[in-house]
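Asker: Next up is a structure, given as structure tokens.
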Amino acid sequence: MSETTHIRTCPLCEAMCGLKVTVENERVTKIVPDDEDVWSKGYICPKGTTLGYMHEDPDRLRAPVVKRDGEFVEVSWDEALRVAHDKIRGVIDTHGMDAMGIYYGNPIAHNISLAKYVAPLVALSGLTVGYSAGTVDQWPKNVSAALMFGGMWTIPTVDLDRSDFVIVMGANPHASQGSLLAAPDVCGRLREVGKRGGKVVVIDPRRTGTVKYADEWLPIRPGTDAALLMAMVNVLFAEDLVDLAHLEGKVNGVDDIENLCKPFTPELVAESCAIPADRIRELARELAAAERGAVYGRIGTCNQEFGTLASWLVDALNVLTGNLDREGGSMFGNPIAWSITMLPNPEYENGFEFGRYKSRVRGAPEVFGQFPVSCMAEEIATPGEGQLKGLMTIAGNPAISAPDAGKLQQALPMLECLVSLDNWINETSSNADVILPGMSALEIPHYDDIIWSWAVASAGNYSPPIFPDTDRPQEWEIMLILAGFCMGQSPEEVDAKALDDLFFHGLVDALTQMPGFALEGRDAQEIIPKCREEGGPIRILDFQIRTGPFGDHFGANPDGLTLADFEAAPHGINMGPMIPRIDEVLATPSGKVELAPEYITADLDRLRGRIGRDEADLLLVSRRHLRSNNSWMHNVPSLVSGRDRCTLLVHPDDASRYGVADGAKVEVRSEAGAIVAPVEISDEMMPGVVSLPHGWGHDTPGIRVAVAREHAGVNNNILAPGEFVDEISGNQAVNGIPVTIAPAPATG
Ligand SMILES: Nc1nc2c(c(=O)[nH]1)N[C@H]1C(S)=C(S)[C@@H](COP(=O)(O)OP(=O)(O)OC[C@H]3O[C@@H](n4cnc5c(=O)[nH]c(N)nc54)[C@H](O)[C@@H]3O)O[C@H]1N2
Ligand SMILES: Nc1nc2c(c(=O)[nH]1)N[C@H]1C(S)=C(S)[C@@H](COP(=O)(O)OP(=O)(O)OC[C@H]3O[C@@H](n4cnc5c(=O)[nH]c(N)nc54)[C@H](O)[C@@H]3O)O[C@H]1N2
Ligand code: SF4
Ligand SMILES: [Mo]
């Protein structure tokens with residue numbers, strides 16, 4: 001028996017846990033936590049142990065498939081790439097470049113090839129139309145970070161381990177394991193805050209699992225976080241509690257926000273938020289009094305009607321209480337390897353500007369070059385000049401994850417070309433002409449990319465592939481080949497290695513000329529020969545480590561790190577906790593924190609309008625479960641076993657008002673559509689709010705995910721109206737959707 005043990009990082013979420021994988025005769029027999037991992041120190045969750053199953057999942061594609069007479073057939077890579085080429089060229093040559101779009105999904109952040117090659121794909125292909133899961137996720141935070149700090153990914157996070165007062169809003173790390181907050185065992189760390197005499201307050205319409213690790217649950221009406229936070233700002237000024245501390249002199253707009261918050265008294269907002277005015281006052285005082293405090297907001301504060309205002313105010317409160325950039329407060333990560341995404345975008349050299357053009361059908365303004373993802377359906381389905389005729393999906397499943405999912409599911413088959421880079425035939429890729437599969441997580445190297453930008457420590461961990469497969473193209477090569485097709489190259493001409501060199505040499509060249517960069521003033525021709533010979537993401541990663549804050553700077557800092565140091569340290573390298581670094585990260589035109597960006601504050605009128613509004617009788621919110629990962633891990637038997645998790649959580653009072661019984665099927669109806677789901681009566685919901693998980697609904701024709709199909713559930717995005725967005729970021733509001741419920745009509 002040949003038994004080997006491999007140390008690896010789990011690529012599935014932002015916790016980045018270290019795993020110990022046992023392999024016998026080419027099969028994974030065991031996955032346990034790596035207790036020696038310098039970052040996760042033995043923490044894992046049930047998902048991490050399923051990487052072996054996913055590697056062996058019989059439904060996972062190992063070879064490309066093309067659609068012939070409505071059925072997918074396995075073909076050679078040459079054949080598949082030829083079909084992709086012909087389809088892509090068919091669209092571009094007939095309808096022009098603007099008729100071809102790309103959709104990027106969440107796993108691009110978790111896969112080394114995808115994370116590092118989206119930028120080259122965009123830069124080289126010349127494609128201009130892009131949609132992403134970002135507009136049902138963190139777009140509001142990107143807008144507030146861009147305008148307040150000068151970079152769309154300059155997003156501070158809670159320095160959890162040193163904090164003594166944390167407000168968690170619209171996040172449930174008990175399920176998600178943290179988001180825009182990378183730390184293994186977030187809940188355990190929250191519990192420690194309480195244990196050392198501090199306090200954690202969870203603000204959420206649902207008493208989530210996270211509340212068990214906190215000191216207090218404050219239920220809030222969905223969509224009203226900005227009103228609550230504005231009232232807290234009001235209290236800080238009214239009671240003279242504002243204290244910029246070390247930020248004094250580094251902040252613009254304090255007077256503006258003082259004026260703007262005046263009308264937003266706790267009394268004004270209390271009823272809308274469903275939080276008593278006294279509690280709002282007290283909360284502001286507690287935050288001000290904390291020596292090291294932080295407000296943290298996530299999906300619930302972004303995927304809602306006032307996402308940008310709420311995202312902005314989270315950071316504004318951290319600034320006004322002197323907590324930004326101080327230990328135990330809200331700090332900026334300091335990654336060992338920087339991410340391409342973090343580089344300054346020359347497009348916004350003179351400051352950020354949004355709404356420079358509008359979407360064709362709905363007239364939605366662009367934000368960072370994207371429209372709300374729900375626009376994709378109408379752009380495909382509405383004829384006329386500029387109609388979207390072709391799409392590439394890169395690790396995304398918008399047929400489930402995008403709002404107004406019913407419309408998108410109808411539109412996808414209308415495309416003349418759909419090329420999916422995906423490992424399964426699912427609700428989206430089943431509509432493709434060709435599916436180009438990536439490899440399993442155990443077949444590729446791993447080192448997390450942008451996630452380290454909001455990690456509580458400067459650490460890193462490199463994992464080589466356990467089952468290297470040299471017979472198939474890597475995903476980064478596939479992406480470069482697709483870029484080549486868009487550029488007009490034929491399958492015979494296209495050369496991934498040449499395109500890789502083209503991009504990499506251009507990158508090094510540009511960076512040696514970038515003021516402040518570690519290699520500023522050096523000669524690119526001196527640097528390039530010193531880079532890793534294998535090219536691809538490994539070369540980029542090594543370059544990022546070497547030119548990062550701890551790197552060897554190609555000789556200038558001889559004791560500094562290179563990728564080789566990580567190859568020699570399988571349990572990772574940890575350079576210590578976060579450090580204050582605001583002067584280094586601020587990139588606003590003024591060089592200061594912009595506390596009251598006009599683009600954002602202009603939206604306060606809309607919030608005023610919200611406050612007087614008649615409240616809907618029932619509002620729908622989303623939720624996650626520890627054993628899920630958006631839409632794509634329901635094909636793992638151990639993660640879907642047990643009782644049905646795709647249930648509508650309803651407070652007992654609402655259940656009796658609407659005459660629905662526990663376990664009974666109800667019809668949930670919104671302006672966008674209707675679905676039928678089983679009810680779970682639970683007082684963990686606040687009255688007037690119901691909750692459904694997203695990522696389900698695996699019952700569409702043509703999918704090849706047998707286990708998921710057995711546990712289909714329903715797609716809550718059928719209920720999410722596409723035009724329900726946070727207007728200034730264009731981010732979809734999938735929380736706070738007015739719905740009605742009624743016992744479902746009996747069906748056969
Ligand atoms: N109602 C509601 N909707 C939501 C949300 C919500 O809270 N409520 N959350 C939103 C959020 S935050 C997000 S990020 C989006 C997610 O939206 P998407 O990213 O579109 O959805 P996922 O389910 O993550 O789909 C990931 C896809 O990538 C494929 N995949 C997995 N690993 C790999 C890989 O290594 N290579 C390749 N090529 N493919 C791979 C999977 O098979 C799957 O098809 O959903 C959003 N939608
Ligand atoms: N197990 C698992 N882990 C995941 C994922 C997964 O699908 N499964 N997805 C990953 C992804 S892509 C992301 S982006 C992260 C997200 O990570 P989190 O942001 O932690 O996401 P959720 O667990 O959905 O928690 C969102 C919370 O917001 C609450 N909420 C809804 N509306 C409002 C509101 O208006 N105000 C307030 N204050 N709260 C509200 C919901 O009740 C819910 O408890 O998780 C990541 N990790
Ligand atoms: S928490 Fe679970 S899914 Fe996330 S990295 Fe750790 S083991 Fe993987
Ligand atoms: Mo996400």
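By convention here, the chains of the structure tokens are called A, B, ... in the order presented, each chain's residues are numbered starting at 1, and ligands are numbered starting at 1 in the order presented.
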Would you please give, as a ChimeraX atom specification, all residues of region 83-291 of chain A that DSSP assigns to strand (DSSP E or B) based on the backbone?
Answerer: /A:100-104,129-132,157-158,165-169,182,199-203,206,216-218,251-252
Asker: How would the residues just chosen look if you wrote them out with N, CA, C and O atoms as a JSON list (two decimals), in the first residue's frame?
Answerer:
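Printed below is part.json as written:
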```
[["chain", "number", "residue", "atom", "x", "y", "z"],
["A", 100, "MET", "N", -20.56, 40.30, -27.31],
["A", 100, "MET", "CA", -19.97, 39.17, -26.59],
["A", 100, "MET", "C", -19.65, 39.63, -25.17],
["A", 100, "MET", "O", -18.96, 40.63, -24.97],
["A", 101, "GLY", "N", -20.15, 38.91, -24.19],
["A", 101, "GLY", "CA", -19.91, 39.31, -22.80],
["A", 101, "GLY", "C", -19.28, 38.19, -21.98],
["A", 101, "GLY", "O", -19.14, 37.05, -22.44],
["A", 102, "ILE", "N", -18.86, 38.56, -20.77],
["A", 102, "ILE", "CA", -18.32, 37.56, -19.84],
["A", 102, "ILE", "C", -19.07, 37.69, -18.52],
["A", 102, "ILE", "O", -19.40, 38.80, -18.10],
["A", 103, "TYR", "N", -19.34, 36.55, -17.88],
["A", 103, "TYR", "CA", -19.84, 36.55, -16.50],
["A", 103, "TYR", "C", -18.82, 35.84, -15.64],
["A", 103, "TYR", "O", -18.41, 34.72, -15.94],
["A", 104, "TYR", "N", -18.40, 36.49, -14.56],
["A", 104, "TYR", "CA", -17.44, 35.89, -13.63],
["A", 104, "TYR", "C", -18.15, 35.50, -12.35],
["A", 104, "TYR", "O", -18.87, 36.31, -11.77],
["A", 129, "VAL", "N", -17.89, 43.97, -22.31],
["A", 129, "VAL", "CA", -19.12, 43.72, -21.57],
["A", 129, "VAL", "C", -18.85, 42.67, -20.50],
["A", 129, "VAL", "O", -18.51, 41.53, -20.81],
["A", 130, "GLY", "N", -18.98, 43.06, -19.24],
["A", 130, "GLY", "CA", -18.73, 42.11, -18.16],
["A", 130, "GLY", "C", -19.80, 42.18, -17.09],
["A", 130, "GLY", "O", -20.26, 43.27, -16.72],
["A", 131, "TYR", "N", -20.23, 41.02, -16.66],
["A", 131, "TYR", "CA", -21.14, 40.92, -15.52],
["A", 131, "TYR", "C", -20.46, 40.04, -14.48],
["A", 131, "TYR", "O", -19.60, 39.22, -14.84],
["A", 132, "SER", "N", -20.88, 40.18, -13.23],
["A", 132, "SER", "CA", -20.26, 39.31, -12.25],
["A", 132, "SER", "C", -21.14, 39.12, -11.04],
["A", 132, "SER", "O", -22.09, 39.88, -10.80],
["A", 157, "THR", "N", -10.98, 45.68, 7.67],
["A", 157, "THR", "CA", -11.70, 44.59, 8.33],
["A", 157, "THR", "C", -11.44, 44.64, 9.84],
["A", 157, "THR", "O", -10.57, 45.38, 10.30],
["A", 158, "VAL", "N", -12.19, 43.84, 10.58],
["A", 158, "VAL", "CA", -12.08, 43.91, 12.04],
["A", 158, "VAL", "C", -10.82, 43.20, 12.53],
["A", 158, "VAL", "O", -10.59, 42.04, 12.20],
["A", 165, "PHE", "N", -14.91, 45.44, 21.47],
["A", 165, "PHE", "CA", -16.33, 45.71, 21.19],
["A", 165, "PHE", "C", -16.55, 45.57, 19.68],
["A", 165, "PHE", "O", -15.95, 46.30, 18.89],
["A", 166, "VAL", "N", -17.37, 44.61, 19.29],
["A", 166, "VAL", "CA", -17.57, 44.38, 17.86],
["A", 166, "VAL", "C", -19.06, 44.37, 17.55],
["A", 166, "VAL", "O", -19.84, 43.68, 18.21],
["A", 167, "ILE", "N", -19.45, 45.16, 16.56],
["A", 167, "ILE", "CA", -20.83, 45.11, 16.07],
["A", 167, "ILE", "C", -20.79, 44.35, 14.74],
["A", 167, "ILE", "O", -20.09, 44.75, 13.80],
["A", 168, "VAL", "N", -21.50, 43.23, 14.67],
["A", 168, "VAL", "CA", -21.56, 42.40, 13.46],
["A", 168, "VAL", "C", -22.92, 42.64, 12.83],
["A", 168, "VAL", "O", -23.95, 42.30, 13.41],
["A", 169, "MET", "N", -22.93, 43.23, 11.64],
["A", 169, "MET", "CA", -24.20, 43.55, 10.99],
["A", 169, "MET", "C", -24.35, 42.78, 9.69],
["A", 169, "MET", "O", -23.49, 42.86, 8.81],
["A", 182, "ALA", "N", -11.07, 37.75, 6.73],
["A", 182, "ALA", "CA", -10.46, 36.43, 6.65],
["A", 182, "ALA", "C", -9.79, 36.09, 7.96],
["A", 182, "ALA", "O", -8.84, 36.76, 8.38],
["A", 199, "LYS", "N", -17.45, 42.88, 24.32],
["A", 199, "LYS", "CA", -18.85, 42.63, 23.96],
["A", 199, "LYS", "C", -19.01, 42.53, 22.45],
["A", 199, "LYS", "O", -18.36, 43.28, 21.70],
["A", 200, "VAL", "N", -19.87, 41.61, 22.03],
["A", 200, "VAL", "CA", -20.19, 41.48, 20.62],
["A", 200, "VAL", "C", -21.70, 41.61, 20.45],
["A", 200, "VAL", "O", -22.48, 40.94, 21.15],
["A", 201, "VAL", "N", -22.12, 42.49, 19.56],
["A", 201, "VAL", "CA", -23.54, 42.70, 19.28],
["A", 201, "VAL", "C", -23.81, 42.29, 17.84],
["A", 201, "VAL", "O", -23.12, 42.76, 16.92],
["A", 202, "VAL", "N", -24.77, 41.41, 17.63],
["A", 202, "VAL", "CA", -25.12, 40.98, 16.27],
["A", 202, "VAL", "C", -26.42, 41.67, 15.86],
["A", 202, "VAL", "O", -27.43, 41.57, 16.57],
["A", 203, "ILE", "N", -26.38, 42.38, 14.75],
["A", 203, "ILE", "CA", -27.57, 43.08, 14.26],
["A", 203, "ILE", "C", -28.04, 42.37, 13.00],
["A", 203, "ILE", "O", -27.37, 42.40, 11.96],
["A", 206, "ARG", "N", -32.42, 37.89, 11.84],
["A", 206, "ARG", "CA", -32.51, 36.50, 12.28],
["A", 206, "ARG", "C", -31.55, 36.26, 13.43],
["A", 206, "ARG", "O", -30.42, 36.75, 13.40],
["A", 216, "GLU", "N", -25.20, 39.86, 22.51],
["A", 216, "GLU", "CA", -26.54, 40.44, 22.32],
["A", 216, "GLU", "C", -26.96, 40.30, 20.86],
["A", 216, "GLU", "O", -26.14, 40.40, 19.95],
["A", 217, "TRP", "N", -28.24, 40.05, 20.68],
["A", 217, "TRP", "CA", -28.84, 40.06, 19.34],
["A", 217, "TRP", "C", -29.79, 41.23, 19.24],
["A", 217, "TRP", "O", -30.70, 41.35, 20.06],
["A", 218, "LEU", "N", -29.57, 42.08, 18.27],
["A", 218, "LEU", "CA", -30.50, 43.18, 18.01],
["A", 218, "LEU", "C", -31.18, 42.94, 16.68],
["A", 218, "LEU", "O", -30.57, 43.12, 15.62],
["A", 251, "VAL", "N", -8.61, 63.41, 7.74],
["A", 251, "VAL", "CA", -9.99, 63.13, 7.33],
["A", 251, "VAL", "C", -10.64, 64.38, 6.78],
["A", 251, "VAL", "O", -10.62, 65.44, 7.43],
["A", 252, "ASN", "N", -11.23, 64.29, 5.62],
["A", 252, "ASN", "CA", -12.06, 65.37, 5.06],
["A", 252, "ASN", "C", -13.53, 65.07, 5.28],
["A", 252, "ASN", "O", -13.92, 63.90, 5.25]]
```
Asker: For ligand 3, list the contacting residues at 7 Å or closer, counting only C-alpha atoms and all ligand atoms, as a count of residues only.
Answerer: 17
Asker: Give me, as a PyMOL selection string, all polymer residues having an atom no more than 12 Å from region 322-324 of chain A, counting only C-alpha atoms and skipping those fewer than 6 positions away in the same chain.
Answerer: chain A and resi 149+155-159+162-166+236+241-248+250-251+287-296+314-316+330-332+579-583+593+595
Asker: Show me, as a list in words, the residues that have an atom within 9 Å of Trp39 (chain A) when counting only C-alpha atoms, minus same-chain residues fewer than 4 positions from it.
Answerer: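 After dropping sequence-adjacent residues, the list is Met16, Cys17, Gly18, Ala183, Pro184, Ala457, Ala459, Gly460, Asn461, His571, Gly572, Ile573 and Asn574 of chain A.
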Asker: Produce as a PDB file with C-alpha atoms, in the first residue's frame the set of residues near ligand 2, where near means within 7 Å with only C-alpha atoms and all ligand atoms considered.
Answerer:
```pdb
ATOM      1  CA  CYS A  13     -13.858  29.946   1.632  1.00  0.00           C
ATOM      2  CA  ASN A 106     -17.382  33.582  -7.061  1.00  0.00           C
ATOM      3  CA  ASP A 137     -22.267  40.778  -3.355  1.00  0.00           C
ATOM      4  CA  MET A 169     -24.204  43.553  10.993  1.00  0.00           C
ATOM      5  CA  GLY A 170     -25.724  41.426   8.272  1.00  0.00           C
ATOM      6  CA  ALA A 171     -23.095  38.711   8.520  1.00  0.00           C
ATOM      7  CA  ASN A 172     -23.340  35.195   9.810  1.00  0.00           C
ATOM      8  CA  PRO A 173     -19.837  33.809  10.125  1.00  0.00           C
ATOM      9  CA  ALA A 175     -22.369  29.702   8.367  1.00  0.00           C
ATOM     10  CA  SER A 176     -20.143  31.696   6.033  1.00  0.00           C
ATOM     11  CA  GLN A 177     -16.896  31.498   8.034  1.00  0.00           C
ATOM     12  CA  GLY A 178     -16.309  35.172   7.403  1.00  0.00           C
ATOM     13  CA  SER A 179     -16.393  37.369   4.348  1.00  0.00           C
ATOM     14  CA  ILE A 203     -27.569  43.081  14.263  1.00  0.00           C
ATOM     15  CA  ASP A 204     -29.606  40.822  12.018  1.00  0.00           C
ATOM     16  CA  PRO A 205     -33.297  40.099  11.372  1.00  0.00           C
ATOM     17  CA  ARG A 206     -32.513  36.504  12.279  1.00  0.00           C
ATOM     18  CA  THR A 208     -28.334  33.318  13.647  1.00  0.00           C
ATOM     19  CA  ILE A 220     -33.393  44.917  12.652  1.00  0.00           C
ATOM     20  CA  ARG A 221     -35.890  45.396   9.870  1.00  0.00           C
ATOM     21  CA  PRO A 222     -34.171  44.451   6.599  1.00  0.00           C
ATOM     22  CA  GLY A 223     -32.878  47.342   4.540  1.00  0.00           C
ATOM     23  CA  THR A 224     -32.776  49.864   7.396  1.00  0.00           C
ATOM     24  CA  ASP A 225     -29.142  49.493   8.505  1.00  0.00           C
ATOM     25  CA  ARG A 298     -21.328  42.160   5.250  1.00  0.00           C
ATOM     26  CA  ILE A 299     -23.822  40.620   2.839  1.00  0.00           C
ATOM     27  CA  GLY A 300     -26.909  41.781   4.767  1.00  0.00           C
ATOM     28  CA  THR A 301     -25.619  45.347   4.609  1.00  0.00           C
ATOM     29  CA  GLN A 304     -30.051  45.428   0.104  1.00  0.00           C
ATOM     30  CA  VAL A 621     -34.125  37.715   3.395  1.00  0.00           C
ATOM     31  CA  SER A 622     -31.519  35.157   2.329  1.00  0.00           C
ATOM     32  CA  ARG A 623     -29.351  32.892   4.421  1.00  0.00           C
ATOM     33  CA  ARG A 624     -26.406  30.519   4.133  1.00  0.00           C
ATOM     34  CA  HIS A 625     -25.659  27.226   5.826  1.00  0.00           C
ATOM     35  CA  LEU A 626     -22.285  25.891   6.932  1.00  0.00           C
ATOM     36  CA  ARG A 627     -22.733  22.879   4.638  1.00  0.00           C
ATOM     37  CA  SER A 628     -23.331  24.904   1.488  1.00  0.00           C
ATOM     38  CA  ASN A 629     -21.263  26.985  -0.886  1.00  0.00           C
ATOM     39  CA  ASN A 630     -23.571  29.170  -2.914  1.00  0.00           C
ATOM     40  CA  ASN A 735     -32.741  41.047   1.092  1.00  0.00           C
ATOM     41  CA  GLY A 736     -35.842  42.953   2.155  1.00  0.00           C
TER      42      GLY A 736
END
```
Asker: What parts of region 347-425 of chain A does DSSP call alpha helix (DSSP H)? I'd like the answer as a ChimeraX atom specification.
Answerer: /A:375-381,398-401,405-411
Asker: Based on the selection just made, write N, CA, C and O atoms of those residues as a PDB file, in the first residue's frame.
Answerer:
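Wrote it out as out.pdb, contents follow:
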```
ATOM      1  N   CYS A 375     -29.414  42.583 -15.303  1.00  0.00           N
ATOM      2  CA  CYS A 375     -29.570  43.171 -16.644  1.00  0.00           C
ATOM      3  C   CYS A 375     -29.264  42.154 -17.734  1.00  0.00           C
ATOM      4  O   CYS A 375     -29.730  42.281 -18.869  1.00  0.00           O
ATOM      5  N   MET A 376     -28.440  41.158 -17.378  1.00  0.00           N
ATOM      6  CA  MET A 376     -27.983  40.196 -18.380  1.00  0.00           C
ATOM      7  C   MET A 376     -29.169  39.549 -19.113  1.00  0.00           C
ATOM      8  O   MET A 376     -29.142  39.398 -20.334  1.00  0.00           O
ATOM      9  N   ALA A 377     -30.207  39.203 -18.366  1.00  0.00           N
ATOM     10  CA  ALA A 377     -31.350  38.509 -18.977  1.00  0.00           C
ATOM     11  C   ALA A 377     -32.001  39.376 -20.055  1.00  0.00           C
ATOM     12  O   ALA A 377     -32.257  38.922 -21.180  1.00  0.00           O
ATOM     13  N   GLU A 378     -32.252  40.631 -19.724  1.00  0.00           N
ATOM     14  CA  GLU A 378     -32.938  41.490 -20.704  1.00  0.00           C
ATOM     15  C   GLU A 378     -32.014  41.885 -21.853  1.00  0.00           C
ATOM     16  O   GLU A 378     -32.464  42.085 -22.973  1.00  0.00           O
ATOM     17  N   GLU A 379     -30.716  41.971 -21.587  1.00  0.00           N
ATOM     18  CA  GLU A 379     -29.786  42.303 -22.669  1.00  0.00           C
ATOM     19  C   GLU A 379     -29.707  41.146 -23.673  1.00  0.00           C
ATOM     20  O   GLU A 379     -29.451  41.357 -24.860  1.00  0.00           O
ATOM     21  N   ILE A 380     -29.924  39.939 -23.190  1.00  0.00           N
ATOM     22  CA  ILE A 380     -29.942  38.780 -24.095  1.00  0.00           C
ATOM     23  C   ILE A 380     -31.279  38.694 -24.832  1.00  0.00           C
ATOM     24  O   ILE A 380     -31.333  38.413 -26.029  1.00  0.00           O
ATOM     25  N   ALA A 381     -32.352  38.961 -24.102  1.00  0.00           N
ATOM     26  CA  ALA A 381     -33.680  38.677 -24.656  1.00  0.00           C
ATOM     27  C   ALA A 381     -34.261  39.809 -25.505  1.00  0.00           C
ATOM     28  O   ALA A 381     -35.203  39.584 -26.266  1.00  0.00           O
ATOM     29  N   PRO A 398     -25.043  31.844 -12.762  1.00  0.00           N
ATOM     30  CA  PRO A 398     -26.029  32.911 -12.589  1.00  0.00           C
ATOM     31  C   PRO A 398     -27.478  32.439 -12.734  1.00  0.00           C
ATOM     32  O   PRO A 398     -28.386  33.097 -12.218  1.00  0.00           O
ATOM     33  N   ALA A 399     -27.692  31.297 -13.384  1.00  0.00           N
ATOM     34  CA  ALA A 399     -29.076  30.812 -13.518  1.00  0.00           C
ATOM     35  C   ALA A 399     -29.685  30.564 -12.138  1.00  0.00           C
ATOM     36  O   ALA A 399     -30.902  30.568 -11.964  1.00  0.00           O
ATOM     37  N   ILE A 400     -28.827  30.344 -11.154  1.00  0.00           N
ATOM     38  CA  ILE A 400     -29.306  30.190  -9.777  1.00  0.00           C
ATOM     39  C   ILE A 400     -29.015  31.449  -8.960  1.00  0.00           C
ATOM     40  O   ILE A 400     -29.857  31.909  -8.199  1.00  0.00           O
ATOM     41  N   SER A 401     -27.822  32.004  -9.135  1.00  0.00           N
ATOM     42  CA  SER A 401     -27.384  33.017  -8.176  1.00  0.00           C
ATOM     43  C   SER A 401     -27.812  34.439  -8.531  1.00  0.00           C
ATOM     44  O   SER A 401     -27.741  35.316  -7.679  1.00  0.00           O
ATOM     45  N   ALA A 405     -34.066  35.135 -11.526  1.00  0.00           N
ATOM     46  CA  ALA A 405     -33.475  33.939 -12.121  1.00  0.00           C
ATOM     47  C   ALA A 405     -34.392  33.322 -13.176  1.00  0.00           C
ATOM     48  O   ALA A 405     -33.917  32.743 -14.154  1.00  0.00           O
ATOM     49  N   GLY A 406     -35.685  33.467 -12.987  1.00  0.00           N
ATOM     50  CA  GLY A 406     -36.621  32.908 -13.962  1.00  0.00           C
ATOM     51  C   GLY A 406     -36.367  33.501 -15.341  1.00  0.00           C
ATOM     52  O   GLY A 406     -36.354  32.797 -16.356  1.00  0.00           O
ATOM     53  N   LYS A 407     -36.147  34.811 -15.376  1.00  0.00           N
ATOM     54  CA  LYS A 407     -35.934  35.491 -16.662  1.00  0.00           C
ATOM     55  C   LYS A 407     -34.614  35.047 -17.289  1.00  0.00           C
ATOM     56  O   LYS A 407     -34.526  34.844 -18.500  1.00  0.00           O
ATOM     57  N   LEU A 408     -33.592  34.905 -16.465  1.00  0.00           N
ATOM     58  CA  LEU A 408     -32.295  34.511 -17.023  1.00  0.00           C
ATOM     59  C   LEU A 408     -32.371  33.082 -17.554  1.00  0.00           C
ATOM     60  O   LEU A 408     -31.805  32.762 -18.604  1.00  0.00           O
ATOM     61  N   GLN A 409     -33.083  32.239 -16.842  1.00  0.00           N
ATOM     62  CA  GLN A 409     -33.190  30.849 -17.305  1.00  0.00           C
ATOM     63  C   GLN A 409     -33.914  30.779 -18.654  1.00  0.00           C
ATOM     64  O   GLN A 409     -33.620  29.923 -19.473  1.00  0.00           O
ATOM     65  N   GLN A 410     -34.832  31.716 -18.873  1.00  0.00           N
ATOM     66  CA  GLN A 410     -35.480  31.755 -20.193  1.00  0.00           C
ATOM     67  C   GLN A 410     -34.570  32.340 -21.261  1.00  0.00           C
ATOM     68  O   GLN A 410     -34.654  31.980 -22.427  1.00  0.00           O
ATOM     69  N   ALA A 411     -33.705  33.268 -20.828  1.00  0.00           N
ATOM     70  CA  ALA A 411     -32.879  33.980 -21.816  1.00  0.00           C
ATOM     71  C   ALA A 411     -31.657  33.179 -22.261  1.00  0.00           C
ATOM     72  O   ALA A 411     -31.261  33.264 -23.425  1.00  0.00           O
TER      73      ALA A 411
END
```
Asker: So which residues touch Ile340 (chain A) within 8 Å, counting only C-alpha atoms, skipping near sequence neighbours fewer than 3 positions away, as number ranges by chain?
Answerer: A: 116, 119, 343
Asker: Produce as number ranges by chain the set of residues near ligand 1, where near means within 7 Å with only C-alpha atoms and all ligand atoms considered.
Answerer: A: 104-107, 111, 133-134, 136-137, 299, 394-398, 401-403, 421-424, 426, 437-441, 622-623, 629-632, 693-695, 716-717, 720, 734
Asker: Residues near Leu268 (chain A), anyone? I mean within 9 Å using only C-alpha atoms, not counting same-chain ones fewer than 5 positions away, as a ChimeraX atom specification.
Answerer: /A:227,231,263,277,611-612
Asker: Report, in Å to a single decimal, how far apart CA of Met575 (chain A) and CA of Leu511 (chain A) are.
Answerer: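 Rounded to one decimal, the two atoms are 24.5 Å apart.
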Asker: If we count only C-alpha atoms and set the cut-off at 10 Å, which residues sit around region 77-89 of chain A, ignoring sequence neighbours fewer than 6 positions away in its own chain? Please answer as a count of residues only.
Answerer: 37
Asker: Smallest atom-to-atom distance to ligand 4: which of A:Cys646, A:Leu388, A:Val508, A:Leu180, using only C-alpha atoms and all ligand atoms?
Answerer: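 The answer is A:Leu180, which sits nearest to ligand 4.
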Asker: Given only C-alpha atoms and all ligand atoms as the basis, pick out the residue of A:Phe72, A:Trp139, A:Tyr53, A:Trp312 nearest to ligand 4.
Answerer: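 Nearest to ligand 4: A:Trp139.
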Asker: Quick one, how far is CA of Leu561 (chain A) from CA of Asp34 (chain A)?
Answerer: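 Distance between the two atoms: 22.9 Å.
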Asker: Select, from A:His110, A:Lys358, A:His651, A:Arg522, the residue with the minimum atom-to-atom distance to ligand 4, counting only C-alpha atoms and all ligand atoms.
Answerer: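 For ligand 4, the nearest of the candidates is A:His110.
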